[in-house]
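Undergrad: Sharing a structure below in structure tokens format, with a few things to ask.
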Amino acid sequence: MAAEDNLTQQILDLLLKQPDGLEVDEIINHLQAEDSDISPRGIRNLLNQLVKDEKLIKRKRQGKGRGKPPYAYFNLKTVSQYVNPFEDIPGVDSTKSHFVAKTEIEKEQIDPQERERQKQWLTVLERIATHNLLADTYAKVIIENASELALQNPVELVVNMATWVVNDLNQLGEEIECKLQKGETVEAQKLVRRLDERLTWARQNLQKFWRLDRPRDEIEGILDLPLQSKHFFRDGRRAQINEKAARERIKSRIIGDRLIEEITPPANRHKAAVGTDASIAKIFLHHTSGSFIPPDPVIVTTSAAAMIVDENNPTQQEYLDFDISPDDLQEYEEYNAAAKGLVLSPNLMRTIGTDAFKRAQTAALELRQYHQDYRVATRTNEWRPMGNLPDLEINPKVTLIFRDGRVFPIVHRINFYESDGLYGDIVRNQIAEFAGVIHNTLLNPLGEIVYASAVKNPELSWLSPLVFWYLHNKKNQDHSKPIVTADDIYKAPFSDTSVSHLLFLGLAKQCSNFNKQKHFISCRVVRRFSDIAFVDDVLPIVISKDEQTYQLDENEIEDWQIFIAQRLARKKANGEEHILEDDDYRAFIYICQKVGVLMCYAAPTSAYEIIVNSDSDGSGHFLIPRLEVAINLEKQNLQTYQKTLDKMLSWLAAGRWERDHGHTQTGFDEGELESRYPVLVPDVTLYADEAAKFARDKLSDEVEEKVRNLIADLKKHWTGGRL
């Protein structure tokens with residue numbers, strides 16, 4: 001075993017110095033030059049095993065002559081995230097053209113503070129991996145208190161934390177008043193900045209996420225926060241909370257009476273499950289010599305799906321559906337192609353502006369993936385077999401779809417939906433496609449399809465503040481100083497994805513039986529699409545009936561219709577421009593009324609066995625995505641929502657987890673950390689990602705022919721045939 005480990009390290013070191021990769025014979029020659037006794041067959045077998053263990057990547061290398069292109073082996077640290085399918089195509093600058101993963105696009109949406117938390121989490125993992133777990137106090141405290149935290153009632157945690165925040169804000173306001181009365185303006189200004197930050201957090205976390213709504217007009221609210229910090233010390237206003245109403249609201253939003261549980265999901269009943277992903281191909285046409293116009297990319301959106309057919313066969317059946325260039329591109333002119341999320345040209349970027357263009361490409365990317373989801377739900381895919389599998393004569397009925405990314409669209413605000421021009425068209429098409437997916441999955445009259453997702457880069461942390469508030473409230477002490485301060489609640493050092501891992505690790509240290517069916521799972525949280533569709537100054541939504549003001553019942557379609565009619569009437573009365581009429585909002589209010597997600601963090605207990613039993617605290621660590629499943633809000637039943645989640649978890653409980661070594665949750669400048677700490681994802685999510693990454697290897701001839709046709713069409717439409 002020692003000899004094999006030594007040879008493995010030699011291969012990894014060799015390929016690290018060869019970013020272009022080496023073929024098997026080249027590797028054998030290098031190794032035999034140092035040790036002539038090394039067996040070529042042994043090297044070949046070891047290379048295959050390293051590829052299987054995801055320590056190396058095997059890809060086809062572009063051949064120099066006729067015949068099948070040879071395979072080359074690459075060290076993970078030297079491989080770009082996406083193969084460039086535009087290489088060697090006339091008219092394309094292949095040195096610049098590249099794929100951008102959906103996860104990279106999603107990172108642009110993440111709040112800067114959340115980015116910083118994720119960076120700090122990777123630093124914590126690095127410390128753990130270098131035997132310095134005790135040096136990171138926060139990680140140690142969370143792990144040591146995991147058993148106690150797990151037993152806490154999440155409803156009471158949220159309500160008690162909200163009450164504490166109200167008291168804290170009021171106390172800060174009183175301190176500022178005292179400072180100003182004493183003439184200590186510099187100290188007062190410092191407190192004002194702190195109060196501003198905490199007030200903003202309270203709105204985002206308590207009012208926006210947990211929907212502890214503010215009072216509005218004649219409607220009594222749950223959490224009343226002064227609009228600005230100056231109101232605390234100038235007008236003497238104070239924050240107020242109705243604890244009884246808050247508790248009732250949170251009870252309707254949380255499933256589970258413990259923060260963390262151990263569960264065994266029901267047996268898997270899915271015969272076919274699908275993962276979907278999307279990416280952006282940026283194609284740079286060759287820059288004309290002497291031109292002063294910078295070379296802007298042509299944006300081509302792509303989508304991919306991977307299906308696993310599992311009917312208790314001894315070998316797994318895997319099929320792919322990949323669309324690198326829209327077959328019907330030629331049917332659309334430039335604007336319509338962009339509106340349908342197919343292609344965005346540089347001309348459009350110069351027309352609508354850089355910021356709008358970036359938002360448009362995000363919406364276009366979502367539109368393409370929702371279209372892929374729709375094809376899966378309606379069984380209109382063209383599945384391609386992987387390996388020695390037969391073509392599917394009958395398209396199997398898929399009962400589970402896993403998106404790579406959130407269930408809800410990233411671009412979701414009603415004001416974006418109402419935008420004019422290209423951006424508004426793309427957003428409206430995206431919402432319509434999403435509504436179509438929901439109708440054919442969640443509300444399918446022929447049988448429900450579980451519509452789920454794995455979010456590798458969650459934008460918002462809701463679990464982490466609860467954990468840090470509890471630890472602060474418990475007043476843990478370290479050398480007579482509080483370990484967790486008030487600032488750690490408002491600016492939680494770790495994201496949810498890291499806190500959940502630490503909690504699970506703490507519980508795993510108490511385990512004696514690691515079973516792949518048994519899972520750690522957080523409490524489950526309900527979120528409506530309407531929660532994210534409206535800006536902060538709109539919620540809660542009020543409407544007028546019979547000359548009286550009422551709070552909109554989000555479960556009643558008639559109330560939504562009244563809201564839209566009154567919204568348009570106000571726009572007309574105020575002389576505001578509007579391009580939509582009542583009927584144009586049908587898809588939007590359809591999902592506002594019917595669609596929510598149930599979200600949680602989960603991992604199999606077996607995933608922690610290597611960490612707990614290893615001599616090194618650093619081996620085996622991974623990152624946890626947020627799991628989501630779409631729910632039908634019309635059913636109005638938390639037990640029904642849980643049953644839908646159980647159907648999703650049943651697939652994972654059958655051992656359907658994979659470690660995605662190609663992603664971290666930040667992707668900034670961590671370098672080696674990206675391959676050291678994989679994200680634990682559903683297997684079909686990983687396979688869909690691989691379908692996007694390795695399209696050229698698996699579908700090279702078909703893909704290249706499509707791309708050549710696409711480039712010819714681009715040259716005709718946007719350059720007049722001149723490059």
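Residues in the structure tokens are named by chain (A, B, ... in the order shown) and by number from 1 within that chain; ligands are numbered from 1 in the order shown.
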Considering only alpha helix (DSSP H) as DSSP defines it on the backbone, what residues of range 133-366 of chain A qualify? List them as an MDAnalysis selection string.
TA: chainID A and resid 137:144 146:150 154:181 185:202 230:234 243:251 334:339 346:352 354:366
Undergrad: For the selection just defined, write its residues with C-alpha atoms to a file, as a tab-separated table (two decimals), in the first residue's frame.
TA:
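Done, and the output landed in out-v3.tsv:
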chain	number	residue	atom	x	y	z
A	137	THR	CA	-13.05	29.20	19.09
A	138	TYR	CA	-16.34	29.56	17.25
A	139	ALA	CA	-16.06	26.19	15.55
A	140	LYS	CA	-15.16	24.54	18.83
A	141	VAL	CA	-18.09	26.12	20.68
A	142	ILE	CA	-20.64	25.12	18.02
A	143	ILE	CA	-19.39	21.52	17.93
A	144	GLU	CA	-19.32	21.23	21.72
A	146	ALA	CA	-24.34	20.79	19.12
A	147	SER	CA	-26.26	18.28	21.24
A	148	GLU	CA	-27.79	21.03	23.34
A	149	LEU	CA	-28.56	23.24	20.33
A	150	ALA	CA	-30.18	20.35	18.48
A	154	PRO	CA	-36.82	26.54	16.54
A	155	VAL	CA	-40.07	28.52	16.92
A	156	GLU	CA	-39.04	29.68	20.38
A	157	LEU	CA	-35.52	30.42	19.16
A	158	VAL	CA	-36.83	32.77	16.45
A	159	VAL	CA	-39.34	34.52	18.71
A	160	ASN	CA	-36.87	34.90	21.57
A	161	MET	CA	-34.17	36.16	19.22
A	162	ALA	CA	-36.60	38.70	17.72
A	163	THR	CA	-37.56	39.93	21.19
A	164	TRP	CA	-33.89	40.24	22.11
A	165	VAL	CA	-33.22	42.24	18.93
A	166	VAL	CA	-36.07	44.65	19.73
A	167	ASN	CA	-34.64	45.25	23.22
A	168	ASP	CA	-31.13	45.63	21.85
A	169	LEU	CA	-32.20	48.22	19.26
A	170	ASN	CA	-34.11	50.20	21.88
A	171	GLN	CA	-31.18	50.09	24.28
A	172	LEU	CA	-28.88	51.43	21.56
A	173	GLY	CA	-31.33	54.25	20.89
A	174	GLU	CA	-31.31	55.18	24.59
A	175	GLU	CA	-27.50	55.10	24.71
A	176	ILE	CA	-27.34	57.46	21.75
A	177	GLU	CA	-29.75	59.87	23.47
A	178	CYS	CA	-27.57	59.88	26.59
A	179	LYS	CA	-24.39	60.48	24.58
A	180	LEU	CA	-25.95	63.40	22.74
A	181	GLN	CA	-27.24	64.95	25.96
A	185	THR	CA	-21.05	63.42	19.60
A	186	VAL	CA	-18.16	61.27	18.36
A	187	GLU	CA	-19.17	58.33	20.52
A	188	ALA	CA	-22.83	58.91	19.61
A	189	GLN	CA	-21.98	58.76	15.90
A	190	LYS	CA	-20.29	55.40	16.34
A	191	LEU	CA	-23.42	54.06	18.00
A	192	VAL	CA	-25.59	55.52	15.23
A	193	ARG	CA	-23.65	53.54	12.62
A	194	ARG	CA	-24.05	50.40	14.72
A	195	LEU	CA	-27.77	51.05	15.09
A	196	ASP	CA	-28.13	51.56	11.32
A	197	GLU	CA	-26.45	48.22	10.62
A	198	ARG	CA	-28.55	46.33	13.14
A	199	LEU	CA	-31.76	47.97	12.00
A	200	THR	CA	-31.03	46.93	8.41
A	201	TRP	CA	-30.35	43.37	9.55
A	202	ALA	CA	-33.62	43.25	11.52
A	230	LYS	CA	-32.52	58.86	13.89
A	231	HIS	CA	-36.13	58.23	14.92
A	232	PHE	CA	-34.84	56.37	17.98
A	233	PHE	CA	-32.93	59.34	19.44
A	234	ARG	CA	-34.66	62.33	17.84
A	243	GLU	CA	-44.82	38.11	20.69
A	244	LYS	CA	-48.09	36.19	20.44
A	245	ALA	CA	-48.59	37.14	16.79
A	246	ALA	CA	-44.91	36.46	16.09
A	247	ARG	CA	-45.18	32.97	17.55
A	248	GLU	CA	-48.25	32.18	15.44
A	249	ARG	CA	-46.54	33.41	12.28
A	250	ILE	CA	-43.38	31.39	12.91
A	251	LYS	CA	-45.42	28.27	13.71
A	334	GLU	CA	-31.55	39.10	-32.94
A	335	TYR	CA	-34.04	40.64	-30.46
A	336	ASN	CA	-36.37	37.64	-30.33
A	337	ALA	CA	-33.46	35.25	-29.85
A	338	ALA	CA	-32.40	37.30	-26.82
A	339	ALA	CA	-35.95	37.56	-25.44
A	346	PRO	CA	-22.77	42.61	-28.07
A	347	ASN	CA	-25.04	45.00	-29.97
A	348	LEU	CA	-27.73	44.46	-27.34
A	349	MET	CA	-25.29	45.18	-24.51
A	350	ARG	CA	-24.42	48.52	-26.05
A	351	THR	CA	-28.13	49.25	-26.50
A	352	ILE	CA	-29.48	48.41	-23.03
A	354	THR	CA	-23.86	46.93	-19.12
A	355	ASP	CA	-25.81	46.54	-15.84
A	356	ALA	CA	-29.07	45.64	-17.57
A	357	PHE	CA	-27.15	43.27	-19.84
A	358	LYS	CA	-25.71	41.40	-16.82
A	359	ARG	CA	-29.16	41.06	-15.27
A	360	ALA	CA	-30.52	39.96	-18.63
A	361	GLN	CA	-27.95	37.17	-18.96
A	362	THR	CA	-28.86	35.93	-15.46
A	363	ALA	CA	-32.55	35.84	-16.37
A	364	ALA	CA	-31.74	34.22	-19.73
A	365	LEU	CA	-29.73	31.52	-17.98
A	366	GLU	CA	-32.64	30.79	-15.65
Undergrad: Write out as JSON, numbers by chain which residues come within 10 Å of range 430-440 of chain A when counting only C-alpha atoms, dropping same-chain ones fewer than 6 positions away.
TA: {"A": [339, 340, 341, 363, 364, 365, 366, 367, 368, 369, 370, 371, 372, 373, 374, 375, 376, 377, 378, 407, 408, 409, 411, 412, 417, 424, 446, 447, 448, 449, 450, 451, 585, 586, 587, 588, 589, 590, 591, 594, 595, 630, 631, 632]}
Undergrad: Pick out the residues sitting within 12 Å of Asp53 in chain A, and hand them over as a PDB file with C-alpha atoms, in the first residue's frame; count only C-alpha atoms, and ignore anything fewer than 2 positions along from it in its own chain.
TA:
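The resulting file, around_18.pdb, is shown below:
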ATOM      1  CA  THR A   8       0.102   7.999  -6.698  1.00  0.00           C
ATOM      2  CA  LEU A  46      -3.710   3.001 -11.024  1.00  0.00           C
ATOM      3  CA  LEU A  47      -4.637   5.817 -13.450  1.00  0.00           C
ATOM      4  CA  ASN A  48      -8.100   4.325 -13.907  1.00  0.00           C
ATOM      5  CA  GLN A  49      -8.519   4.048 -10.145  1.00  0.00           C
ATOM      6  CA  LEU A  50      -7.406   7.675  -9.603  1.00  0.00           C
ATOM      7  CA  VAL A  51      -9.959   8.837 -12.170  1.00  0.00           C
ATOM      8  CA  LYS A  55      -8.169  12.504  -7.998  1.00  0.00           C
ATOM      9  CA  LEU A  56      -7.459  12.869 -11.742  1.00  0.00           C
ATOM     10  CA  ILE A  57      -9.501  13.938 -14.743  1.00  0.00           C
ATOM     11  CA  LYS A  58      -9.438  12.030 -18.033  1.00  0.00           C
ATOM     12  CA  LEU A  76      -7.507  18.552 -10.800  1.00  0.00           C
ATOM     13  CA  GLU A 658     -21.923  12.562  -4.325  1.00  0.00           C
ATOM     14  CA  ARG A 659     -19.002  14.813  -3.438  1.00  0.00           C
ATOM     15  CA  ASP A 660     -18.652  17.566  -6.003  1.00  0.00           C
ATOM     16  CA  HIS A 661     -14.937  18.341  -6.051  1.00  0.00           C
TER      17      HIS A 661
END
Undergrad: Taking the backbone alone, and naming residues the way the document does, which bits of range 300-489 of chain A are strand (DSSP E or B) by DSSP, as a PyMOL selection string?
TA: chain A and resi 300-309+317-323+343-344+384-385+400-404+450-455+477-478+481-482
Undergrad: Point out the residue among A:Glu184, A:Asp20, A:Asp321, A:Asp531 with the least atom-to-atom distance to Ala688 in chain A, counting only C-alpha atoms.
TA: A:Asp321
Undergrad: Residues at most 7 Å from Ser453 in chain A, counting only C-alpha atoms, excluding those fewer than 5 positions away in the same chain, as a list in words?
TA: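 The filter keeps Phe402, Arg403, Asp404, Gly405, Arg406, Val407, Leu627, Glu628 and Val629 of chain A.
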Undergrad: Using all heavy atoms, can you export the residues from the last selection as a JSON list (two decimals), in the first residue's frame?
TA:
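So the final result, stored in part-v2.json, reads:
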[["chain", "number", "residue", "atom", "x", "y", "z"],
["A", 402, "PHE", "N", -34.04, 17.43, -9.78],
["A", 402, "PHE", "CA", -33.14, 18.19, -8.92],
["A", 402, "PHE", "C", -32.49, 19.29, -9.74],
["A", 402, "PHE", "O", -31.68, 19.00, -10.62],
["A", 402, "PHE", "CB", -32.06, 17.29, -8.33],
["A", 402, "PHE", "CG", -32.27, 16.92, -6.90],
["A", 402, "PHE", "CD1", -32.50, 15.61, -6.54],
["A", 402, "PHE", "CD2", -32.23, 17.89, -5.90],
["A", 402, "PHE", "CE1", -32.69, 15.24, -5.21],
["A", 402, "PHE", "CE2", -32.44, 17.54, -4.57],
["A", 402, "PHE", "CZ", -32.66, 16.22, -4.23],
["A", 403, "ARG", "N", -32.82, 20.53, -9.46],
["A", 403, "ARG", "CA", -32.14, 21.65, -10.10],
["A", 403, "ARG", "C", -30.80, 21.92, -9.43],
["A", 403, "ARG", "O", -30.66, 21.75, -8.22],
["A", 403, "ARG", "CB", -32.98, 22.94, -9.98],
["A", 403, "ARG", "CG", -34.19, 22.98, -10.86],
["A", 403, "ARG", "CD", -35.00, 24.23, -10.57],
["A", 403, "ARG", "NE", -34.21, 25.45, -10.72],
["A", 403, "ARG", "CZ", -33.96, 26.05, -11.87],
["A", 403, "ARG", "NH1", -34.42, 25.54, -12.99],
["A", 403, "ARG", "NH2", -33.25, 27.16, -11.92],
["A", 404, "ASP", "N", -29.83, 22.34, -10.22],
["A", 404, "ASP", "CA", -28.60, 22.89, -9.65],
["A", 404, "ASP", "C", -28.86, 24.39, -9.48],
["A", 404, "ASP", "O", -28.83, 25.15, -10.45],
["A", 404, "ASP", "CB", -27.42, 22.65, -10.59],
["A", 404, "ASP", "CG", -26.10, 23.05, -9.96],
["A", 404, "ASP", "OD1", -26.11, 23.82, -8.97],
["A", 404, "ASP", "OD2", -25.05, 22.62, -10.45],
["A", 405, "GLY", "N", -29.13, 24.81, -8.26],
["A", 405, "GLY", "CA", -29.52, 26.20, -8.00],
["A", 405, "GLY", "C", -30.89, 26.25, -7.36],
["A", 405, "GLY", "O", -31.52, 25.23, -7.10],
["A", 406, "ARG", "N", -31.37, 27.45, -7.11],
["A", 406, "ARG", "CA", -32.62, 27.61, -6.37],
["A", 406, "ARG", "C", -33.83, 27.17, -7.19],
["A", 406, "ARG", "O", -33.81, 27.19, -8.41],
["A", 406, "ARG", "CB", -32.79, 29.08, -5.98],
["A", 406, "ARG", "CG", -31.62, 29.63, -5.20],
["A", 406, "ARG", "CD", -31.88, 30.98, -4.61],
["A", 406, "ARG", "NE", -32.38, 31.96, -5.55],
["A", 406, "ARG", "CZ", -32.57, 33.25, -5.27],
["A", 406, "ARG", "NH1", -32.28, 33.68, -4.05],
["A", 406, "ARG", "NH2", -33.02, 34.09, -6.14],
["A", 407, "VAL", "N", -34.90, 26.80, -6.46],
["A", 407, "VAL", "CA", -36.17, 26.53, -7.12],
["A", 407, "VAL", "C", -36.73, 27.82, -7.70],
["A", 407, "VAL", "O", -37.16, 27.87, -8.86],
["A", 407, "VAL", "CB", -37.18, 25.89, -6.14],
["A", 407, "VAL", "CG1", -38.59, 25.90, -6.73],
["A", 407, "VAL", "CG2", -36.77, 24.46, -5.81],
["A", 627, "LEU", "N", -30.96, 22.46, 0.73],
["A", 627, "LEU", "CA", -31.90, 21.65, -0.04],
["A", 627, "LEU", "C", -33.26, 22.34, -0.05],
["A", 627, "LEU", "O", -33.72, 22.84, 0.99],
["A", 627, "LEU", "CB", -32.04, 20.25, 0.56],
["A", 627, "LEU", "CG", -30.77, 19.39, 0.57],
["A", 627, "LEU", "CD1", -31.06, 18.06, 1.24],
["A", 627, "LEU", "CD2", -30.24, 19.17, -0.84],
["A", 628, "GLU", "N", -33.89, 22.36, -1.21],
["A", 628, "GLU", "CA", -35.21, 22.96, -1.35],
["A", 628, "GLU", "C", -36.12, 22.00, -2.10],
["A", 628, "GLU", "O", -35.67, 21.24, -2.97],
["A", 628, "GLU", "CB", -35.14, 24.27, -2.13],
["A", 628, "GLU", "CG", -34.35, 25.37, -1.47],
["A", 628, "GLU", "CD", -34.36, 26.65, -2.27],
["A", 628, "GLU", "OE1", -34.80, 26.63, -3.46],
["A", 628, "GLU", "OE2", -33.94, 27.69, -1.73],
["A", 629, "VAL", "N", -37.40, 22.06, -1.80],
["A", 629, "VAL", "CA", -38.40, 21.32, -2.56],
["A", 629, "VAL", "C", -39.62, 22.22, -2.73],
["A", 629, "VAL", "O", -40.04, 22.90, -1.78],
["A", 629, "VAL", "CB", -38.78, 19.98, -1.87],
["A", 629, "VAL", "CG1", -39.42, 20.22, -0.52],
["A", 629, "VAL", "CG2", -39.67, 19.14, -2.77]]
Undergrad: Work out how far apart CA of Pro265 in chain A and CA of Gln517 in chain A are and give it in Å to one decimal.
TA: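 These two atoms are separated by 7.1 Å.
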Undergrad: Just checking: using only C-alpha atoms, which residue out of A:Ile564, A:Leu502, A:Leu22, A:Ala569 ends up closest to Asp584 in chain A?
TA: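 Under the stated criterion, the closest residue is A:Ile564.
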Undergrad: Hey, could you make a per-residue contact list for range 479-588 of chain A against range 465-474 of chain A with 8 Å as the cut-off, showing the nearest pair of atoms and its distance in Å to one decimal, counting only C-alpha atoms, sorted by chain and number, as a Markdown table?
TA:
| residue | atom | partner | partner_atom | distance |
| --- | --- | --- | --- | --- |
| A:Pro482 | CA | A:His472 | CA | 7.5 |
| A:Ile483 | CA | A:His472 | CA | 7.5 |
| A:Val484 | CA | A:His472 | CA | 4.9 |
| A:Thr485 | CA | A:His472 | CA | 6.0 |
| A:Ala486 | CA | A:His472 | CA | 6.9 |
| A:Asp488 | CA | A:Phe468 | CA | 6.5 |
| A:Ile489 | CA | A:Pro465 | CA | 5.2 |
| A:Tyr490 | CA | A:Pro465 | CA | 7.0 |
| A:Ala492 | CA | A:Pro465 | CA | 6.0 |
| A:Val499 | CA | A:Val467 | CA | 8.0 |
Undergrad: How would the residues just picked look written out with C-alpha atoms as a compact mmCIF listing (two decimals), in the first residue's frame?
TA:
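The resulting file, out-v2.txt, is reproduced below:
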# COMPACT_ATOMS: atom_id res chain seq x y z
CA PRO A 482 -17.89 36.45 26.10
CA ILE A 483 -17.06 34.05 23.31
CA VAL A 484 -19.99 35.14 21.14
CA THR A 485 -20.76 38.87 21.13
CA ALA A 486 -23.85 40.74 19.99
CA ASP A 488 -21.75 37.96 15.99
CA ILE A 489 -25.53 37.71 15.84
CA TYR A 490 -25.94 40.52 13.33
CA ALA A 492 -22.65 35.85 11.93
CA VAL A 499 -22.93 26.09 10.76
Undergrad: Thr497 in chain A: which residues within 8 Å, counting only C-alpha atoms, same-chain residues fewer than 5 positions away excluded, as a list of chain:residue names?
TA: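 The neighbour list is A:Pro458, A:Tyr601, A:Leu623, A:Ile624, A:Pro625, A:Arg626.
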Undergrad: So that I can see what lies close to Ile43 in chain A, please list as a ChimeraX atom specification the residues with an atom at most 10 Å from it, counting only C-alpha atoms and leaving out residues fewer than 4 positions away in the same chain.
TA: /A:4,7-8,11,24-25,27-28,31,38-39,47-49
